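Visitor: My structure is below; once you've seen it, I'll send some questions.
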Amino acid sequence: MKRDVNFILNGRPVTLSVEPRTTLLRALREYGVTSVKRGCEEGECGTCTLVIDDLAQKSCMVLALEVEGRSVLTVEGLVAPNGDLHPLQQAFIEEGAIQCGFCTPGMIMTAYAFLRKNPDPTESEVREALAGNLCRCTGYIPIFRAVIKAAKTMRELGAHPGAAR
Amino acid sequence: MKQTVTRNGVGAWTTRKYDHEKAVGTLAFTDDLRFGPELLHARAFRSTKAHAEILSIDVSEAMKVKGVVKVVVGENFVHRFGLYLHDRTPLAIGKVRYVGEPVALVVAETEEAAEEGMLKVTAKYRDLPTVFDPIKAATDNSVLVHPELETYEHVPFITPFPGTNIANWFRIRRGDVEKAFAESEYVIEEAVNCPQIAHGFLEPHCCICKEELSTGNLTIWSTAQSAFALREIVATGLGYPLSKIRVIAPPIGGGFGGKAGMTVEALCLAGAMDPDIKGRPVKLYIPREEVMLTSWVRQAYIAKIKLGIDADGKITAIKNNFYFDTGISAEYGANPVRSAGYSSTGCYYIPNVWTDSYAVYTNKPFGGAYRGFGLPELMGAMEVVIDIAARKIGMDPIEFRLKNMLRTGLPTCTGMPMNAHSLDTIVEKIVDRVKLKEKEPATRKGWVRGKGFALALKAPAMPADASSSALVKILGDGGVEVLAATMDMGQGAYTAYAQIASEELGIPIEKIRCYYPDTQSHPYDWQTVASRSCWSMGMAVKRAATDARDKLLALYSEYWETPPESITIEHGVVKCKAKGKAEQLDVRVQNGFPMPSGSFVGGPIIGSGTFVPPDVVNPDPETGQSPKSVVHFTVGAVGIDVEVDPATGAVEVNKVSAGYDIGKAVSPMNVRGQIEGGTVQGISAGLMEAMYYDEHGKLLTPDFTDYKIATSVDVPGEVDAFWEETPEELSPYGNRGVAEHSMISPAPAINNALFDALGIRIHTYPTGRERVYKAIQEKKRGETDIWEYPYALEQSYKNAVKEWK
């Protein structure tokens with residue numbers, strides 16, 4: 001039997017009608033938010049990572065009903081209303097941190113939640129923070145470069161774009 | 001005089017096409033496409049037996065599940081498919097050959113119903129004897145995986161042996177190896193083995209097929225590297241004309257060979273073409289834990305290499321015995337066997353050569369294309385054996401390699417002269433950067449440190465007639481569309497093509513767009529494999545762009561009444577200095593240019609380009625010799641610095657330096673990406689990756705929990721990626737392939753470094769913590785070598801090496 005779940009998705013209130021067993025990953029994909037990817041649906045790969053109330057979560061490991069009243073942010077939600085990219089998105093592009101792009105949304109969301117807690121990380125802290133998100137193409141090296149670069153940009157901006165959401 | 005000027009042409013560091021869409025999450029992969037409520041979902045019911053006759057399949061309970069529409073079994077869809085050898089049916093017919101083989105396909109209204117239905121299907125089997133050991137399978141015919149081998153169609157350049165388990169036997173015969181061994185100062189014989197490994201792309205296979213009810217035409221949306229090869233394999237298997245099949249290949253989330261040729265599409269077609277289903281689209285999404293069971297992985301191998309060396313340290317003879325465990329299908333796997341075979345002297349010149357390279361059927365999931373395509377297997381063994389040989393004859397391993405190096409002009413094992421390269425420069429740089437000739441103390445307390453080195457080489461492994469074609473259209477606003485049916489699966493092909501088009505047209509790269517393959521709109525390309533695209537399709541794109549430019553210049557020449565040579569295109573502006581003209585490209589390049597008479601000339605500008613390697617001849621089936629067996633070889637080397645914890649066997653990589661002679665970096669951002677990414681993938685393969693089975697052939701490592709791949713914390717402290725540019729003669733810009741090469745030699749370099757650190761030789765991959773720990777314990781017992789062959793009753797390395805014929 002389907003039930004309604006109400007939450008904030010990328011700054012906008014939504015109501016989805018879901019089976020109790022439906023994961024947040026499948027519910028969002030069904031709704032049309034497909035940046036959360038199905039890489040394993042077992043919590044191993046991180047391609048479905050999004051941010052729930054400031055905490056990076058694998059959406060295949062969360063039931064849709066669990067986000068009642070909470071705020072869910074996906075990589076689409078990092079884009080400013082005027083279309084400007086978030087410094088993380090920009091840095092991923094500039095540093096060649098994207099190849100096939102399948103891990104990218106989840107990787108960016110993990111990095112986003114991490115930088116909110118640690119705005120000035122060392123490379124070794126970045127490595128630790130990203131350990132739950134697999135990437136098979138880049139060897140992670142440009143991703144480290146991108147996260148460090150984005151952190152610097154964000155510190156210089158002095159604000160946290162996307163934070164309002 | 002160069003008539004075009006652009007900022008982001010060939011060789012420029014520029015950001016990549018489609019990265020914006022990927023960063024904001026809007027790029028639609030196959031699983032992201034929506035087909036509405038008409039869409040049906042399929043799920044495979046799989047064999048629990050490694051080899052068994054199917055007595056019965058009961059689908060009655062499955063059909064009772066709400067939403068299940070149909071359950072298709074093998075007898076409903078009798079078609080044999082394959083790229084090089086037609087040995088594969090999408091569903092088992094009559095018998096199963098491995099645990100995990102699809103036996104029935106449940107088609108339902110929802111994914112959940114399909115899964116529930118799958119759980120309700122049952123089958124009865126009668127067990128048949130199994131064979132898992134490729135050596136046994138190759139040398140003892142008591143169990144035949146494919147007794148019907150004789151009836152399978154195959155391409156002329158592979159040689160299956162009906163009545164055996166040998167799906168392909170590739171040979172090199174040159175000179176007299178036995179005589180050379182007899183005359184050698186040293187004869188060294190060693191063996192190395194490696195289990196199957198998996199691609200580990202993050203996007204599982206996904207496919208949607210639809211048969212149009214009235215015409216019978218098929219549309220296939222799939223996670224395919226090679227839209228055209230897929231179309232051809234499906235057409236051949238079904239006996240359909242090409243025109244009845246349309247393949248649309250949306251962006252794919254990593255391939256590494258695992259989505260080349262045809263993978264899961266025929267299984268999906270078994271549902272979509274069913275009489276009770278056709279007309280409705282059917283989606284087959286392969287769950288992660290079924291990916292390794294549904295499509296190919298990298299073949300396991302056992303390589304035995306015997307070297308004859310003279311008193312000066314020159315290798316005079318080599319005898320190679322390669323057994324590739326190809327599982328139950330060699331439809332694609334027959335060719336890496338060939339690729340290893342025709343490169344089987346590695347980076348060395350060796351006058352006398354005897355190579356037997358076999359693809360061997362066993363009752364396991366099947367092997368096929370994987371980044372490196374036979375060469376990580378070959379070099380994984382050869383670069384270890386070379387290291388052993390050098391140490392045994394008392395030479396420095398790097399000096400030994402330099403002494404025997406396959407220098408420009410010397411014949412490869414197939415007899416073709418080696419192309420130009422600067423491998424010695426690369427070796428020199430790596431020796432310097434990793435301080436390979438210095439012994440350094442470990443940086444971690446109580447650990448030991450070692451350094452290792454390995455050479456790499458690879459040619460695009462493809463049939464002699466693998467062709468490419470491209471179209472370049474100039475739009476009415478000066479934008480450009482490039483239609484080149486390469487799959488950009490992350491390697492950056494579309495960025496490279498845009499750079500080529502920008503270079504040749506003088507149009508800024510921002511105005512150039514490449515589109516993902518659709519056989520209905522794109523001109524033909526063989527496959528996106530073999531590190532061939534930037535070279536082969538690069539030729540076609542360059543020719544198409546040049547053709548479009550010439551047409552544009554001819555039009556302006558007529559319009560401005562000036563010779564075409566006096567016209568330039570600079571950043572999208574067409575100029576003629578002599579006439580004082582400068583005009584933005586506009587709608588006239590689409591609609592025609594107004595002439596004084598009031599009439600128009602021109603019309604849309606479409607450039608076309610085609611390419612096929614002009615001089616490649618498939619190797620002779622008896623001797624493996626050919627005047628030109630492959631288009632070119634890209635060479636390189638890896639140096640690595642590792643530390644080992646003797647208490648636990650843990651291995652950490654301090655630094656890796658990897659360099660390749662790529663001729664020319666068309667798109668440097670992507671070249672760096674390929675070298676960095678492949679190096680980490682190669683280290684991951686060497687240190688942690690293996691597919692393990694229980695004694696009944698059940699895969700124990702189907703997902704990322706049990707099949708470990710490198711995470712961010714496994715990346716070496718320092719990765720130094722570089723390249724040299726010795727131009728290739730026949731090439732768009734002198735460039736050679738580079739995408740696969742970085743994966744080839746990290747594993748043997750680590751192996752050699754571990755020997756340097758520990759003083760015991762590990763002959764079995766992966767060389768991870770557990771095996772390294774065992775090696776340390778064996779060393780304490782006085783052993784010099786450790787090897788673990790999963791099927792050998794006799795665990796003695798020395799005896800096993802002698803036994804293999």
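Going through the structure tokens in order, the chains are called A, B, and so on, while each chain numbers its residues from 1 and the ligands are numbered from 1 in the order shown.
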Select all residues from chain A having any atom no more than 9 Å from an atom of chain B (counting only C-alpha atoms, ignoring ligands), output as an MDAnalysis selection string.

Guide: chainID A and resid 29 32:42 44:45 47 74:79 85 88:90 92:105 108 124 126:142 144

Visitor: Give me the residues within 8 Å of B:Gly759 as a PDB file with C-alpha atoms, in the first residue's frame, counting only C-alpha atoms and dropping any in the same chain fewer than 4 places off.

Guide:
```pdb
ATOM      1  CA  LEU B 754      57.890  -7.089  -3.962  1.00  0.00           C
ATOM      2  CA  PHE B 755      60.749  -9.389  -4.915  1.00  0.00           C
ATOM      3  CA  LYS B 779      60.677 -17.264   2.752  1.00  0.00           C
ATOM      4  CA  THR B 784      62.599 -18.853  -3.092  1.00  0.00           C
TER       5      THR B 784
END
```

Visitor: Residues near A:Phe114, anyone? I mean within 10 Å using only C-alpha atoms, not counting same-chain ones fewer than 3 positions away, as a ChimeraX atom specification.

Guide: /A:54-56,108-111,117-119,121,125-126,129-130,147

Visitor: Hey, can you spit out that residue selection with C-alpha atoms as a PDB file, in the first residue's frame?

Guide:
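After the write, out-v6.pdb holds the following:
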```
ATOM      1  CA  ASP A  54      23.877  18.067   5.799  1.00  0.00           C
ATOM      2  CA  LEU A  55      24.826  14.396   5.968  1.00  0.00           C
ATOM      3  CA  ALA A  56      25.985  12.488   2.880  1.00  0.00           C
ATOM      4  CA  ILE A 108      30.355  15.686  -5.619  1.00  0.00           C
ATOM      5  CA  MET A 109      27.671  15.283  -2.939  1.00  0.00           C
ATOM      6  CA  THR A 110      30.058  13.438  -0.631  1.00  0.00           C
ATOM      7  CA  ALA A 111      32.637  16.174  -1.171  1.00  0.00           C
ATOM      8  CA  LYS A 117      32.363  20.203   7.974  1.00  0.00           C
ATOM      9  CA  ASN A 118      35.954  20.690   6.950  1.00  0.00           C
ATOM     10  CA  PRO A 119      36.375  23.762   4.713  1.00  0.00           C
ATOM     11  CA  PRO A 121      41.129  19.916   4.310  1.00  0.00           C
ATOM     12  CA  GLU A 125      41.629  14.110   4.725  1.00  0.00           C
ATOM     13  CA  VAL A 126      40.063  14.333   1.271  1.00  0.00           C
ATOM     14  CA  ALA A 129      36.385  11.445   3.095  1.00  0.00           C
ATOM     15  CA  LEU A 130      35.856  10.010  -0.404  1.00  0.00           C
ATOM     16  CA  VAL A 147      38.080  19.012  -4.086  1.00  0.00           C
TER      17      VAL A 147
END
```

Visitor: Quick one: everything within 10 Å of B:Leu552, counting only C-alpha atoms, minus sequence neighbours fewer than 5 positions away in the same chain. Send it as a list in words.

Guide: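 Listed by chain and then number, they are Ile474, Leu505, Thr546, Asp547, Ser557, Pro564, Ile569, Val574, Leu585, Val589, Gly602, Pro604, Ile605, Ile606 and Gly607 of chain B.
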
Visitor: Grab the residues selected above and save them as a PDB file, in the first residue's frame with N, CA and C atoms.

Guide:
```pdb
ATOM      1  N   ILE B 474      28.593  21.768 -41.020  1.00  0.00           N
ATOM      2  CA  ILE B 474      28.662  23.154 -40.546  1.00  0.00           C
ATOM      3  C   ILE B 474      27.239  23.706 -40.544  1.00  0.00           C
ATOM      4  N   LEU B 505      39.046  23.408 -38.971  1.00  0.00           N
ATOM      5  CA  LEU B 505      38.030  24.354 -39.461  1.00  0.00           C
ATOM      6  C   LEU B 505      38.263  25.787 -38.983  1.00  0.00           C
ATOM      7  N   THR B 546      38.458  18.340 -42.907  1.00  0.00           N
ATOM      8  CA  THR B 546      39.209  18.933 -44.013  1.00  0.00           C
ATOM      9  C   THR B 546      38.310  19.076 -45.240  1.00  0.00           C
ATOM     10  N   ASP B 547      37.488  18.062 -45.462  1.00  0.00           N
ATOM     11  CA  ASP B 547      36.548  18.076 -46.587  1.00  0.00           C
ATOM     12  C   ASP B 547      35.558  19.234 -46.426  1.00  0.00           C
ATOM     13  N   SER B 557      35.402  31.305 -52.037  1.00  0.00           N
ATOM     14  CA  SER B 557      36.223  31.651 -53.186  1.00  0.00           C
ATOM     15  C   SER B 557      35.349  32.127 -54.340  1.00  0.00           C
ATOM     16  N   PRO B 564      40.893  30.195 -53.343  1.00  0.00           N
ATOM     17  CA  PRO B 564      40.666  29.650 -52.005  1.00  0.00           C
ATOM     18  C   PRO B 564      41.893  29.789 -51.109  1.00  0.00           C
ATOM     19  N   ILE B 569      40.280  30.931 -42.055  1.00  0.00           N
ATOM     20  CA  ILE B 569      39.179  30.893 -41.072  1.00  0.00           C
ATOM     21  C   ILE B 569      39.846  31.044 -39.705  1.00  0.00           C
ATOM     22  N   VAL B 574      35.596  34.119 -41.286  1.00  0.00           N
ATOM     23  CA  VAL B 574      36.219  33.855 -42.589  1.00  0.00           C
ATOM     24  C   VAL B 574      36.821  35.165 -43.092  1.00  0.00           C
ATOM     25  N   LEU B 585      30.691  33.235 -39.823  1.00  0.00           N
ATOM     26  CA  LEU B 585      29.913  32.189 -40.474  1.00  0.00           C
ATOM     27  C   LEU B 585      28.456  32.382 -40.094  1.00  0.00           C
ATOM     28  N   VAL B 589      25.989  29.641 -44.988  1.00  0.00           N
ATOM     29  CA  VAL B 589      26.659  28.349 -45.182  1.00  0.00           C
ATOM     30  C   VAL B 589      25.637  27.206 -45.171  1.00  0.00           C
ATOM     31  N   GLY B 602      25.779  27.016 -53.360  1.00  0.00           N
ATOM     32  CA  GLY B 602      26.141  26.365 -52.098  1.00  0.00           C
ATOM     33  C   GLY B 602      25.036  25.478 -51.579  1.00  0.00           C
ATOM     34  N   PRO B 604      23.866  23.403 -47.626  1.00  0.00           N
ATOM     35  CA  PRO B 604      24.504  22.919 -46.403  1.00  0.00           C
ATOM     36  C   PRO B 604      25.847  22.246 -46.655  1.00  0.00           C
ATOM     37  N   ILE B 605      26.797  22.541 -45.790  1.00  0.00           N
ATOM     38  CA  ILE B 605      28.139  21.976 -45.954  1.00  0.00           C
ATOM     39  C   ILE B 605      28.282  20.737 -45.084  1.00  0.00           C
ATOM     40  N   ILE B 606      28.542  19.629 -45.751  1.00  0.00           N
ATOM     41  CA  ILE B 606      28.755  18.361 -45.040  1.00  0.00           C
ATOM     42  C   ILE B 606      30.067  17.762 -45.529  1.00  0.00           C
ATOM     43  N   GLY B 607      30.988  17.614 -44.620  1.00  0.00           N
ATOM     44  CA  GLY B 607      32.255  16.961 -44.961  1.00  0.00           C
ATOM     45  C   GLY B 607      32.195  15.500 -44.560  1.00  0.00           C
TER      46      GLY B 607
END
```

Visitor: Run DSSP on the backbone and tell me which residues of stretch 701-784 of chain B come out as strand (DSSP E); list them as a list in words.

Guide: Glu718, Val719, Asp720, Ala721, Phe722, Trp723, Glu724, Arg761 and Ile762 of chain B

Visitor: What's the 6 Å shell around stretch 272-279 of chain B, counting only C-alpha atoms, without same-chain residues fewer than 4 positions away, as a PyMOL selection string?

Guide: chain B and resi 209-213

Visitor: Considering only helix (DSSP H, G or I) as DSSP defines it on the backbone, what residues of stretch 584-699 of chain B qualify? List them as a list in words.

Guide: Arg588, Val589, Gln590, Asn591, Pro668, Met669, Asn670, Val671, Arg672, Gly673, Gln674, Ile675, Glu676, Gly677, Gly678, Thr679, Val680, Gln681, Gly682, Ile683, Ser684, Ala685, Gly686, Leu687 and Met688 of chain B

Visitor: Using only C-alpha atoms, which residues sit within 10 Å of B:Ser731 once same-chain residues fewer than 4 positions away are excluded, as a PyMOL selection string?

Guide: chain B and resi 534-536+538-539+631-632+663-664+727+735-736

Visitor: Would you save the residues of that selection, restricted to C-alpha atoms, as a PDB file, in the first residue's frame?

Guide:
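The resulting file, out.pdb, is reproduced below:
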```pdb
ATOM      1  CA  CYS B 534      41.660   8.738 -31.755  1.00  0.00           C
ATOM      2  CA  TRP B 535      43.820   7.124 -34.414  1.00  0.00           C
ATOM      3  CA  SER B 536      41.341   5.396 -36.752  1.00  0.00           C
ATOM      4  CA  GLY B 538      40.715  10.452 -35.773  1.00  0.00           C
ATOM      5  CA  MET B 539      41.732   9.906 -39.402  1.00  0.00           C
ATOM      6  CA  VAL B 631      48.887  -0.803 -37.263  1.00  0.00           C
ATOM      7  CA  HIS B 632      51.422   0.290 -34.660  1.00  0.00           C
ATOM      8  CA  GLY B 663      53.284   9.985 -30.769  1.00  0.00           C
ATOM      9  CA  LYS B 664      51.258  13.121 -30.094  1.00  0.00           C
ATOM     10  CA  PRO B 727      55.302  10.757 -34.238  1.00  0.00           C
ATOM     11  CA  ASN B 735      49.274  10.105 -32.399  1.00  0.00           C
ATOM     12  CA  ARG B 736      49.113   6.462 -31.308  1.00  0.00           C
TER      13      ARG B 736
END
```
